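Pasting coords.txt here (compact mmCIF, C-alpha atoms):
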```txt
# COMPACT_ATOMS: atom_id res chain seq x y z
CA MET A 30 0.00 0.00 0.00
CA LEU A 31 1.19 3.53 -0.78
CA PRO A 32 0.59 6.60 1.46
CA ARG A 33 -1.85 9.13 -0.06
CA SER A 34 0.35 11.92 1.29
CA MET A 35 3.06 10.88 -1.17
CA PRO A 36 3.25 13.17 -4.20
CA ALA A 37 1.29 11.86 -7.17
CA SER A 38 4.40 11.47 -9.34
CA TYR A 39 6.12 9.40 -6.61
CA ARG A 40 3.04 7.26 -6.13
CA THR A 41 2.95 6.56 -9.87
CA LEU A 42 6.64 5.66 -9.94
CA ALA A 43 6.33 3.42 -6.87
CA ALA A 44 3.30 1.68 -8.32
CA PHE A 45 5.21 1.04 -11.55
CA CYS A 46 8.11 -0.46 -9.60
CA LEU A 47 5.74 -2.71 -7.66
CA LEU A 48 4.23 -3.80 -10.96
CA LEU A 49 7.65 -4.78 -12.27
CA LEU A 50 8.44 -6.71 -9.10
CA ALA A 51 5.08 -8.48 -8.98
CA PRO A 52 6.24 -11.51 -11.05
CA LEU A 53 8.99 -12.10 -8.48
CA SER A 54 6.57 -12.39 -5.59
CA PRO A 55 6.03 -15.88 -4.06
CA ALA A 56 2.46 -16.01 -5.35
CA ALA A 57 3.53 -15.34 -8.93
CA ALA A 58 6.81 -17.27 -8.96
CA GLN A 59 6.91 -20.23 -11.31
CA ASP A 60 7.71 -23.76 -10.13
CA THR A 61 11.47 -24.14 -10.52
CA SER A 62 11.63 -27.69 -9.17
CA ASP A 63 14.56 -29.60 -10.62
CA ALA A 64 13.10 -33.02 -9.88
CA PRO A 65 13.58 -35.54 -12.74
CA ARG A 66 10.82 -35.32 -15.33
CA ALA A 67 8.52 -38.20 -16.16
CA LEU A 68 8.73 -39.72 -19.66
CA ARG A 69 6.09 -41.55 -21.67
CA PHE A 70 6.59 -45.22 -20.91
CA ASP A 71 4.37 -48.27 -20.94
CA TRP A 72 5.81 -51.57 -19.74
CA THR A 73 3.52 -53.63 -21.94
CA ARG A 74 4.10 -51.66 -25.13
CA ASP A 75 7.80 -51.16 -24.59
CA GLY A 76 8.31 -54.73 -23.41
CA ILE A 77 6.76 -56.03 -26.63
CA ILE A 78 8.81 -53.69 -28.83
CA THR A 79 12.08 -54.44 -27.03
CA GLY A 80 11.47 -58.17 -26.75
CA THR A 81 10.43 -58.60 -30.38
CA ALA A 82 13.39 -56.62 -31.68
CA GLY A 83 15.72 -58.52 -29.37
CA VAL A 84 14.48 -61.89 -30.59
CA LEU A 85 14.83 -60.80 -34.23
CA TRP A 86 18.38 -59.58 -33.67
CA ILE A 87 19.62 -62.57 -31.67
CA SER A 88 17.93 -65.16 -33.89
CA SER A 89 19.27 -63.54 -37.08
CA GLU A 90 22.76 -63.73 -35.62
CA SER A 91 22.74 -67.13 -33.93
CA VAL A 92 20.02 -69.19 -35.67
CA PHE A 93 19.37 -67.96 -39.19
CA LYS A 94 22.73 -66.44 -40.06
CA ASP A 95 23.80 -69.32 -42.30
CA ASP A 96 20.64 -68.87 -44.37
CA LEU A 97 20.59 -65.06 -44.41
CA ALA A 98 24.27 -64.20 -44.91
CA PRO A 99 25.37 -64.03 -48.56
CA ALA A 100 27.78 -66.81 -49.53
CA GLN A 101 29.45 -64.53 -52.08
CA CYS A 102 30.11 -60.83 -51.74
CA ARG A 103 27.69 -58.48 -53.46
CA TRP A 104 29.83 -55.47 -52.62
CA CYS A 105 33.30 -56.76 -53.36
CA ASP A 106 35.32 -53.57 -53.97
CA ARG A 107 36.71 -55.19 -57.14
CA ALA A 108 36.11 -54.79 -60.84
CA PRO A 109 34.82 -57.81 -62.82
CA ASP A 110 38.39 -58.47 -63.96
CA GLY A 111 39.59 -58.62 -60.36
CA THR A 112 41.11 -55.14 -60.18
CA ASP A 113 41.03 -53.69 -56.67
CA ARG A 114 38.57 -50.78 -56.49
CA LEU A 115 38.71 -50.04 -52.78
CA ASN A 116 38.15 -46.30 -52.22
CA ARG A 117 40.97 -44.10 -50.95
CA LEU A 118 39.39 -43.38 -47.57
CA ASP A 119 39.05 -47.05 -46.68
CA ARG A 120 42.47 -47.81 -48.09
CA TRP A 121 43.92 -45.13 -45.84
CA GLY A 122 41.90 -46.36 -42.85
CA ARG A 123 43.28 -49.88 -43.19
CA GLY A 124 46.55 -48.52 -41.78
CA ILE A 125 44.95 -48.97 -38.35
CA ALA A 126 44.71 -52.74 -38.83
CA GLY A 127 47.23 -54.82 -36.90
CA ASN A 128 50.32 -56.02 -38.70
CA THR A 129 50.21 -59.52 -37.27
CA GLU A 130 47.54 -62.16 -36.76
CA ALA A 131 48.07 -61.95 -33.00
CA SER A 132 47.53 -58.18 -32.89
CA ARG A 133 44.39 -58.44 -35.02
CA LYS A 134 43.01 -61.21 -32.81
CA ARG A 135 43.80 -59.13 -29.72
CA ALA A 136 41.93 -56.14 -31.15
CA ASP A 137 38.98 -58.39 -32.00
CA THR A 138 38.87 -59.76 -28.45
CA TRP A 139 38.99 -56.32 -26.86
CA SER A 140 36.31 -54.98 -29.18
CA ASN A 141 34.02 -57.76 -27.93
CA ILE A 142 34.91 -57.21 -24.27
CA ILE A 143 34.39 -53.45 -24.42
CA GLY A 144 31.47 -53.48 -26.84
CA PHE A 145 29.37 -56.18 -25.16
CA ALA A 146 30.44 -55.85 -21.51
CA GLY A 147 32.61 -52.88 -20.57
CA LEU A 148 30.68 -50.14 -22.34
CA PRO A 149 27.13 -51.29 -21.42
CA LEU A 150 28.10 -51.69 -17.75
CA ALA A 151 29.94 -48.36 -17.64
CA VAL A 152 27.08 -46.45 -19.29
CA LEU A 153 24.39 -48.12 -17.17
CA GLY A 154 26.42 -47.45 -14.02
CA THR A 155 26.94 -43.81 -14.92
CA GLN A 156 23.26 -43.45 -15.83
CA TYR A 157 22.27 -44.82 -12.44
CA ALA A 158 24.72 -42.58 -10.58
CA VAL A 159 23.62 -39.46 -12.45
CA GLY A 160 19.93 -40.27 -12.01
CA HIS A 161 20.33 -41.18 -8.32
CA GLY A 162 22.21 -37.94 -7.73
CA SER A 163 19.26 -36.07 -9.23
CA GLY A 164 16.72 -37.82 -7.04
CA ALA A 165 15.45 -40.31 -9.63
CA SER A 166 13.66 -43.40 -8.35
CA ARG A 167 14.58 -46.98 -9.15
CA GLU A 168 11.52 -47.08 -11.38
CA TYR A 169 13.02 -44.30 -13.48
CA PHE A 170 16.32 -46.17 -13.74
CA ALA A 171 14.50 -49.33 -14.86
CA GLN A 172 12.73 -47.29 -17.53
CA ASP A 173 15.99 -45.62 -18.59
CA ALA A 174 17.73 -48.98 -18.94
CA THR A 175 14.85 -50.38 -20.97
CA ILE A 176 14.88 -47.38 -23.32
CA MET A 177 18.61 -47.86 -23.83
CA VAL A 178 18.18 -51.55 -24.60
CA GLN A 179 15.24 -50.76 -26.85
CA SER A 180 17.33 -48.28 -28.84
CA ALA A 181 20.17 -50.79 -29.12
CA VAL A 182 18.10 -53.75 -30.32
CA LEU A 183 16.14 -51.68 -32.84
CA ALA A 184 19.42 -50.26 -34.17
CA SER A 185 20.84 -53.79 -34.37
CA VAL A 186 17.86 -55.17 -36.29
CA ALA A 187 18.28 -52.40 -38.87
CA ASN A 188 22.00 -53.15 -39.02
CA GLN A 189 21.42 -56.86 -39.67
CA ALA A 190 18.99 -56.08 -42.49
CA VAL A 191 21.55 -53.83 -44.20
CA LYS A 192 24.47 -56.22 -43.72
CA PHE A 193 22.60 -59.22 -45.11
CA SER A 194 21.29 -57.18 -48.05
CA LEU A 195 24.49 -55.45 -49.17
CA GLY A 196 26.96 -58.25 -48.48
CA ARG A 197 30.17 -56.20 -48.35
CA GLU A 198 33.35 -58.24 -48.15
CA ARG A 199 35.34 -57.78 -44.95
CA PRO A 200 38.82 -56.22 -45.21
CA PHE A 201 40.75 -59.30 -44.12
CA VAL A 202 38.82 -61.41 -46.64
CA HIS A 203 39.30 -58.85 -49.40
CA VAL A 204 43.07 -59.40 -49.42
CA LEU A 205 42.91 -63.21 -49.44
CA PRO A 206 43.36 -65.27 -52.60
CA GLU A 207 40.04 -66.39 -54.00
CA GLU A 208 40.68 -70.04 -53.14
CA ALA A 209 41.38 -69.14 -49.48
CA LYS A 210 38.23 -67.10 -48.80
CA GLY A 211 36.13 -70.14 -48.02
CA LEU A 212 38.68 -71.39 -45.50
CA THR A 213 38.29 -68.63 -42.92
CA ALA A 214 37.20 -69.49 -39.36
CA HIS A 215 33.64 -68.28 -40.02
CA PRO A 216 32.90 -68.21 -43.76
CA THR A 217 29.28 -67.08 -43.22
CA ASP A 218 30.68 -63.90 -41.66
CA ASN A 219 32.96 -63.06 -44.59
CA ASN A 220 30.58 -60.67 -46.36
CA LEU A 221 29.02 -58.73 -43.48
CA SER A 222 31.33 -55.75 -43.34
CA PHE A 223 28.90 -52.88 -43.92
CA TYR A 224 28.12 -51.44 -41.53
CA SER A 225 29.83 -52.12 -38.20
CA GLY A 226 27.41 -53.75 -35.78
CA HIS A 227 29.69 -53.29 -32.77
CA THR A 228 30.01 -49.54 -33.41
CA ASN A 229 26.30 -49.21 -34.14
CA LEU A 230 25.44 -50.92 -30.84
CA ALA A 231 27.94 -48.87 -28.84
CA PHE A 232 26.76 -45.49 -30.09
CA SER A 233 23.07 -46.37 -29.78
CA LEU A 234 23.58 -47.20 -26.10
CA VAL A 235 25.61 -44.10 -25.29
CA VAL A 236 23.47 -41.62 -27.22
CA SER A 237 20.18 -43.04 -25.93
CA ALA A 238 21.51 -42.82 -22.36
CA GLY A 239 22.60 -39.22 -22.84
CA THR A 240 19.33 -38.29 -24.56
CA VAL A 241 17.23 -39.81 -21.78
CA ALA A 242 19.30 -38.02 -19.14
CA SER A 243 18.74 -34.73 -20.95
CA MET A 244 15.00 -35.34 -21.25
CA ARG A 245 14.79 -36.22 -17.55
CA GLY A 246 16.80 -33.14 -16.61
CA TYR A 247 19.44 -35.08 -14.66
CA LYS A 248 22.25 -33.13 -13.08
CA HIS A 249 25.79 -33.81 -14.29
CA GLN A 250 24.48 -35.59 -17.38
CA GLU A 251 27.69 -34.64 -19.19
CA LEU A 252 29.36 -37.51 -17.33
CA ILE A 253 27.43 -39.97 -19.49
CA TRP A 254 28.90 -38.47 -22.65
CA GLY A 255 32.35 -38.20 -21.09
CA VAL A 256 32.38 -41.88 -20.15
CA GLY A 257 30.44 -43.31 -23.09
CA LEU A 258 31.71 -41.57 -26.21
CA PRO A 259 35.42 -42.45 -25.77
CA LEU A 260 34.44 -46.08 -25.16
CA ALA A 261 32.17 -46.13 -28.22
CA ALA A 262 34.89 -44.60 -30.38
CA SER A 263 37.41 -47.15 -29.09
CA VAL A 264 35.09 -49.98 -30.13
CA GLY A 265 35.07 -48.69 -33.71
CA LEU A 266 38.85 -48.29 -33.77
CA LEU A 267 39.34 -51.79 -32.41
CA ARG A 268 37.06 -53.22 -35.11
CA MET A 269 39.31 -51.59 -37.67
CA GLY A 270 42.38 -52.81 -35.79
CA ALA A 271 40.99 -56.34 -36.02
CA ASP A 272 40.68 -55.84 -39.82
CA LYS A 273 36.98 -56.68 -39.59
CA HIS A 274 35.68 -53.32 -40.83
CA TYR A 275 36.66 -50.43 -43.06
CA LEU A 276 36.59 -46.82 -41.90
CA THR A 277 33.33 -46.17 -43.77
CA ASP A 278 31.77 -49.18 -42.04
CA VAL A 279 32.66 -47.74 -38.65
CA LEU A 280 31.62 -44.17 -39.47
CA THR A 281 28.27 -45.37 -40.78
CA GLY A 282 27.81 -47.50 -37.67
CA ALA A 283 28.44 -44.44 -35.49
CA VAL A 284 25.95 -42.34 -37.48
CA MET A 285 23.24 -44.99 -37.47
CA GLY A 286 23.72 -45.79 -33.78
CA THR A 287 23.49 -42.10 -32.98
CA ALA A 288 20.32 -41.76 -35.07
CA PHE A 289 18.57 -44.58 -33.20
CA GLY A 290 19.90 -43.32 -29.87
CA LEU A 291 18.19 -39.99 -30.54
CA ALA A 292 15.06 -41.13 -32.37
CA VAL A 293 13.84 -43.86 -30.01
CA PRO A 294 13.78 -41.73 -26.82
CA LEU A 295 12.49 -38.62 -28.58
CA LEU A 296 9.79 -40.27 -30.68
CA LEU A 297 8.59 -42.98 -28.29
CA HIS A 298 9.30 -41.51 -24.86
CA GLY A 299 8.72 -37.76 -24.86
CA ARG A 300 8.19 -35.90 -21.60
CA VAL A 301 4.80 -36.37 -20.01
CA ASP A 302 4.49 -32.65 -19.21
CA ASP A 303 4.91 -31.84 -22.92
CA ASP A 304 1.57 -33.58 -23.51
CA VAL A 305 -0.27 -31.31 -21.04
CA PRO A 306 -1.44 -27.99 -22.54
CA PRO A 307 -0.42 -24.93 -20.51
CA PRO A 308 -3.19 -23.15 -18.55
CA PRO A 309 -4.76 -20.16 -20.30
CA LYS A 310 -3.03 -16.87 -19.58
CA GLN A 311 -4.93 -14.18 -17.71
CA ALA A 312 -4.81 -10.60 -18.86
CA SER A 313 -2.77 -8.43 -16.52
CA SER A 314 -4.49 -5.47 -14.90
CA VAL A 315 -3.44 -3.01 -12.21
CA SER A 316 -5.43 -0.43 -10.29
CA LEU A 317 -4.73 2.06 -7.49
CA ASN A 318 -7.66 2.25 -5.03
CA PRO A 319 -8.00 4.78 -2.16
CA MET A 320 -8.54 3.13 1.23
CA VAL A 321 -11.69 4.42 2.95
CA GLY A 322 -10.89 6.32 6.13
CA SER A 323 -7.16 6.09 5.56
CA GLN A 324 -4.39 8.18 4.08
CA MET A 325 -3.26 5.17 2.02
CA VAL A 326 -3.88 3.77 -1.44
CA GLY A 327 -3.81 0.11 -2.36
CA LEU A 328 -2.25 -1.58 -5.42
CA SER A 329 -4.27 -4.48 -6.77
CA GLY A 330 -4.38 -6.47 -9.96
CA ALA A 331 -4.19 -9.79 -11.72
CA PHE A 332 -0.94 -11.01 -13.27
```
Could you express the structure from this file as C-alpha cells?
Amino acid sequence: MLPRSMPASYRTLAAFCLLLLAPLSPAAAQDTSDAPRALRFDWTRDGIITGTAGVLWISSESVFKDDLAPAQCRWCDRAPDGTDRLNRLDRWGRGIAGNTEASRKRADTWSNIIGFAGLPLAVLGTQYAVGHGSGASREYFAQDATIMVQSAVLASVANQAVKFSLGRERPFVHVLPEEAKGLTAHPTDNNLSFYSGHTNLAFSLVVSAGTVASMRGYKHQELIWGVGLPLAASVGLLRMGADKHYLTDVLTGAVMGTAFGLAVPLLLHGRVDDDVPPPPKQASSVSLNPMVGSQMVGLSGAF
C-alpha cells in the first residue's frame, strides 16, 4: 500500500516499480523444481517392442545367419576383372589394422569385451549414478535402462537387415586369394562388413543414455557423454584394428547408432508434461484504489 500523502508522481513511480516486481513475488513465482521429469513409458508396449526386436536380432545372428548371410560378396570392392577398387578413404583407414595375426586377434577380443560388456556396464552405471544424484527413483532407472536396450536392439535389427542385403566383403577377406576365402574361421561372416554392428550398438547405447538423461533433466548428465563416447569410439577403432571393418563401415555405424539413440527416446518416450497444454493466460491489470478512512492507497491487480 502507498501513502496518499506521497506526491502523485512518486506514487505513480512506486506503483510502476511494484508492478515490475510483482512476477517475483512468491504467489507469482513459477515452479522451478529440478526433480527428474517423467517420460512416456508403458511396460507392456515397450516390453513387446524391445522383446520382439531382441528376438529378431539374436535369432538372425545365432540361428538364421547361415541362411541369411550371402555366400558370395555383393559389394566386393573389385572390378569384374579382379582389379582392386577399394576407395581411398578405406584404403587409408586400413593402416589402423594390426600387422600380425596376433595383434588383429587381440583387437577383435577387446572390441568384444568393451562393446558387449565394458561399455554397457559403464554407461548403465553412470546413468544410475547421475539419475540417483538427481533424485530419480529406481523405477526411473529401470525405464531408462529399458529405453537404452530398446534403442540398441532396434538399431541392431536395422544393421542386420543392411548387412545381409548389401553383403560387403570384410577387409581381411578382401586381401585373401580367391581359393582361401572359403577357408576362414567363419565363412558365413565373410561378407558382413557394412556397416559395423559393434560400433552401431555402442553409439546407440551411449546416445540413448545421454538423450534420456537430458529429457529427464538429470544433473551432471555430461558424465554420461564423457564416459560413453570415448568407449564407443574405441570400439570402432578396435574393429578396424581387427581388420573386420573399413573406416566407412565404422563411421556409418556411429551415425546410425546415434540416429537410433536420438530417435527412439524422442519419438517414443517424450516428456509427459509436454503432452499437457499450458493453462490459459490471464490478462494483466493493475489499479490504485484509495482506502476508505485512511491516508493510504492500495495496489491491486491480476498477473
Note to self: If we count all atoms listed in the file and set the cut-off at 12 Å, which residues sit around Gly255 in chain A, ignoring sequence neighbours fewer than 6 positions away in its own chain? Please answer as number ranges by chain.
What the structure shows: A: 151-152, 155-156, 235-236, 238-239, 249, 261-262
Margin query: Given only C-alpha atoms as the basis, pick out the residue of A:Ser180, A:Thr73, A:Ser140, A:Asn188 nearest to Leu260 in chain A.
Written below: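 Between A:Ser180, A:Thr73, A:Ser140, A:Asn188, the residue approaching Leu260 in chain A most closely is A:Ser140.
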Item checked: Nearest to Met269 in chain A, chosen from A:Gln179, A:Gln250, A:Asn128, A:Ser89, with only C-alpha atoms counted in the distances ->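 Of A:Gln179, A:Gln250, A:Asn128, A:Ser89, the one nearest Met269 in chain A is A:Asn128, counting only C-alpha atoms.
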Next item on the list: Measure the distance from CA of Asn220 in chain A to CA of Thr112 in chain A in Å and round it to one decimal.
Entry: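 That distance, rounded to one decimal, is 18.2 Å.
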Note to self: With 12 Å as the threshold, what does the neighbourhood of (45.0, -49.7, -40.9) contain in terms of residues, counting all atoms listed in the file? Coordinates are those of the file; answer as a list of chain:residue names.
What the structure shows: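 Checking each residue against the 12 Å limit leaves A:Leu118, A:Asp119, A:Arg120, A:Trp121, A:Gly122, A:Arg123, A:Gly124, A:Ile125, A:Ala126, A:Gly127, A:Asn128, A:Thr129, A:Ser132, A:Arg133, A:Pro200, A:Phe201, A:Leu266, A:Leu267, A:Arg268, A:Met269, A:Gly270, A:Ala271, A:Asp272, A:Lys273, A:His274, A:Tyr275, A:Leu276.
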Margin query: My list of candidates is A:Val284, A:Ala158, A:Leu291, A:Leu85. Which is closest to Asn229 in chain A when distances are computed with all atoms listed in the file?
Written below: A:Val284
Notebook entry, point to check: Mind pulling up the distance from CA of Ile77 in chain A to CA of Ala190 in chain A?
Noted result: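 Those two atoms sit 20.0 Å apart.
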Note to self: Using only C-alpha atoms for the distances, tell me which of A:Gly211, A:Asp278, A:Asp173, A:His203 is nearest to Asp113 in chain A.
What the structure shows: A:His203
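Of the residues listed (A:Leu252, A:Leu234, A:Gly290, A:Leu280), A:Leu234 shows the shortest atom-to-atom separation from Ala146 in chain A; distances use all atoms listed in the file.
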Margin query: Please list as an NGL selection string every residue within 10 Å of range 174-177 of chain A, counting only C-alpha atoms and excluding residues in the same chain fewer than 2 positions away.
Written below: :A and (70 or 72 or 75-76 or 79 or 149 or 152-153 or 156-157 or 168-172 or 179-182 or 233-241 or 289-290 or 293-294 or 297-298)
Dump of C-alpha atoms for the selected residues, as a PDB file, in the frame of the given file:
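Resulting contents of part13.pdb:
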```pdb
ATOM      1  CA  PHE A  70       6.590 -45.220 -20.910  1.00  0.00           C
ATOM      2  CA  TRP A  72       5.810 -51.570 -19.740  1.00  0.00           C
ATOM      3  CA  ASP A  75       7.800 -51.160 -24.590  1.00  0.00           C
ATOM      4  CA  GLY A  76       8.310 -54.730 -23.410  1.00  0.00           C
ATOM      5  CA  THR A  79      12.080 -54.440 -27.030  1.00  0.00           C
ATOM      6  CA  PRO A 149      27.130 -51.290 -21.420  1.00  0.00           C
ATOM      7  CA  VAL A 152      27.080 -46.450 -19.290  1.00  0.00           C
ATOM      8  CA  LEU A 153      24.390 -48.120 -17.170  1.00  0.00           C
ATOM      9  CA  GLN A 156      23.260 -43.450 -15.830  1.00  0.00           C
ATOM     10  CA  TYR A 157      22.270 -44.820 -12.440  1.00  0.00           C
ATOM     11  CA  GLU A 168      11.520 -47.080 -11.380  1.00  0.00           C
ATOM     12  CA  TYR A 169      13.020 -44.300 -13.480  1.00  0.00           C
ATOM     13  CA  PHE A 170      16.320 -46.170 -13.740  1.00  0.00           C
ATOM     14  CA  ALA A 171      14.500 -49.330 -14.860  1.00  0.00           C
ATOM     15  CA  GLN A 172      12.730 -47.290 -17.530  1.00  0.00           C
ATOM     16  CA  GLN A 179      15.240 -50.760 -26.850  1.00  0.00           C
ATOM     17  CA  SER A 180      17.330 -48.280 -28.840  1.00  0.00           C
ATOM     18  CA  ALA A 181      20.170 -50.790 -29.120  1.00  0.00           C
ATOM     19  CA  VAL A 182      18.100 -53.750 -30.320  1.00  0.00           C
ATOM     20  CA  SER A 233      23.070 -46.370 -29.780  1.00  0.00           C
ATOM     21  CA  LEU A 234      23.580 -47.200 -26.100  1.00  0.00           C
ATOM     22  CA  VAL A 235      25.610 -44.100 -25.290  1.00  0.00           C
ATOM     23  CA  VAL A 236      23.470 -41.620 -27.220  1.00  0.00           C
ATOM     24  CA  SER A 237      20.180 -43.040 -25.930  1.00  0.00           C
ATOM     25  CA  ALA A 238      21.510 -42.820 -22.360  1.00  0.00           C
ATOM     26  CA  GLY A 239      22.600 -39.220 -22.840  1.00  0.00           C
ATOM     27  CA  THR A 240      19.330 -38.290 -24.560  1.00  0.00           C
ATOM     28  CA  VAL A 241      17.230 -39.810 -21.780  1.00  0.00           C
ATOM     29  CA  PHE A 289      18.570 -44.580 -33.200  1.00  0.00           C
ATOM     30  CA  GLY A 290      19.900 -43.320 -29.870  1.00  0.00           C
ATOM     31  CA  VAL A 293      13.840 -43.860 -30.010  1.00  0.00           C
ATOM     32  CA  PRO A 294      13.780 -41.730 -26.820  1.00  0.00           C
ATOM     33  CA  LEU A 297       8.590 -42.980 -28.290  1.00  0.00           C
ATOM     34  CA  HIS A 298       9.300 -41.510 -24.860  1.00  0.00           C
TER      35      HIS A 298
END
```
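Our summary of the geometry notes that CA of Pro206 in chain A is positioned 22.9 Å from CA of Phe193 in chain A.
Of the residues under consideration (A:Trp254, A:Val204, A:Ser185, A:Met244), A:Ser185 shows the shortest atom-to-atom contact distance to Trp86 in chain A when counting only C-alpha atoms.
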Item checked: Selection near Thr217 in chain A, 7 Å with all atoms listed in the file, sequence-local residues under 2 positions removed, as a ChimeraX atom specification -> /A:95,98,100,215,219
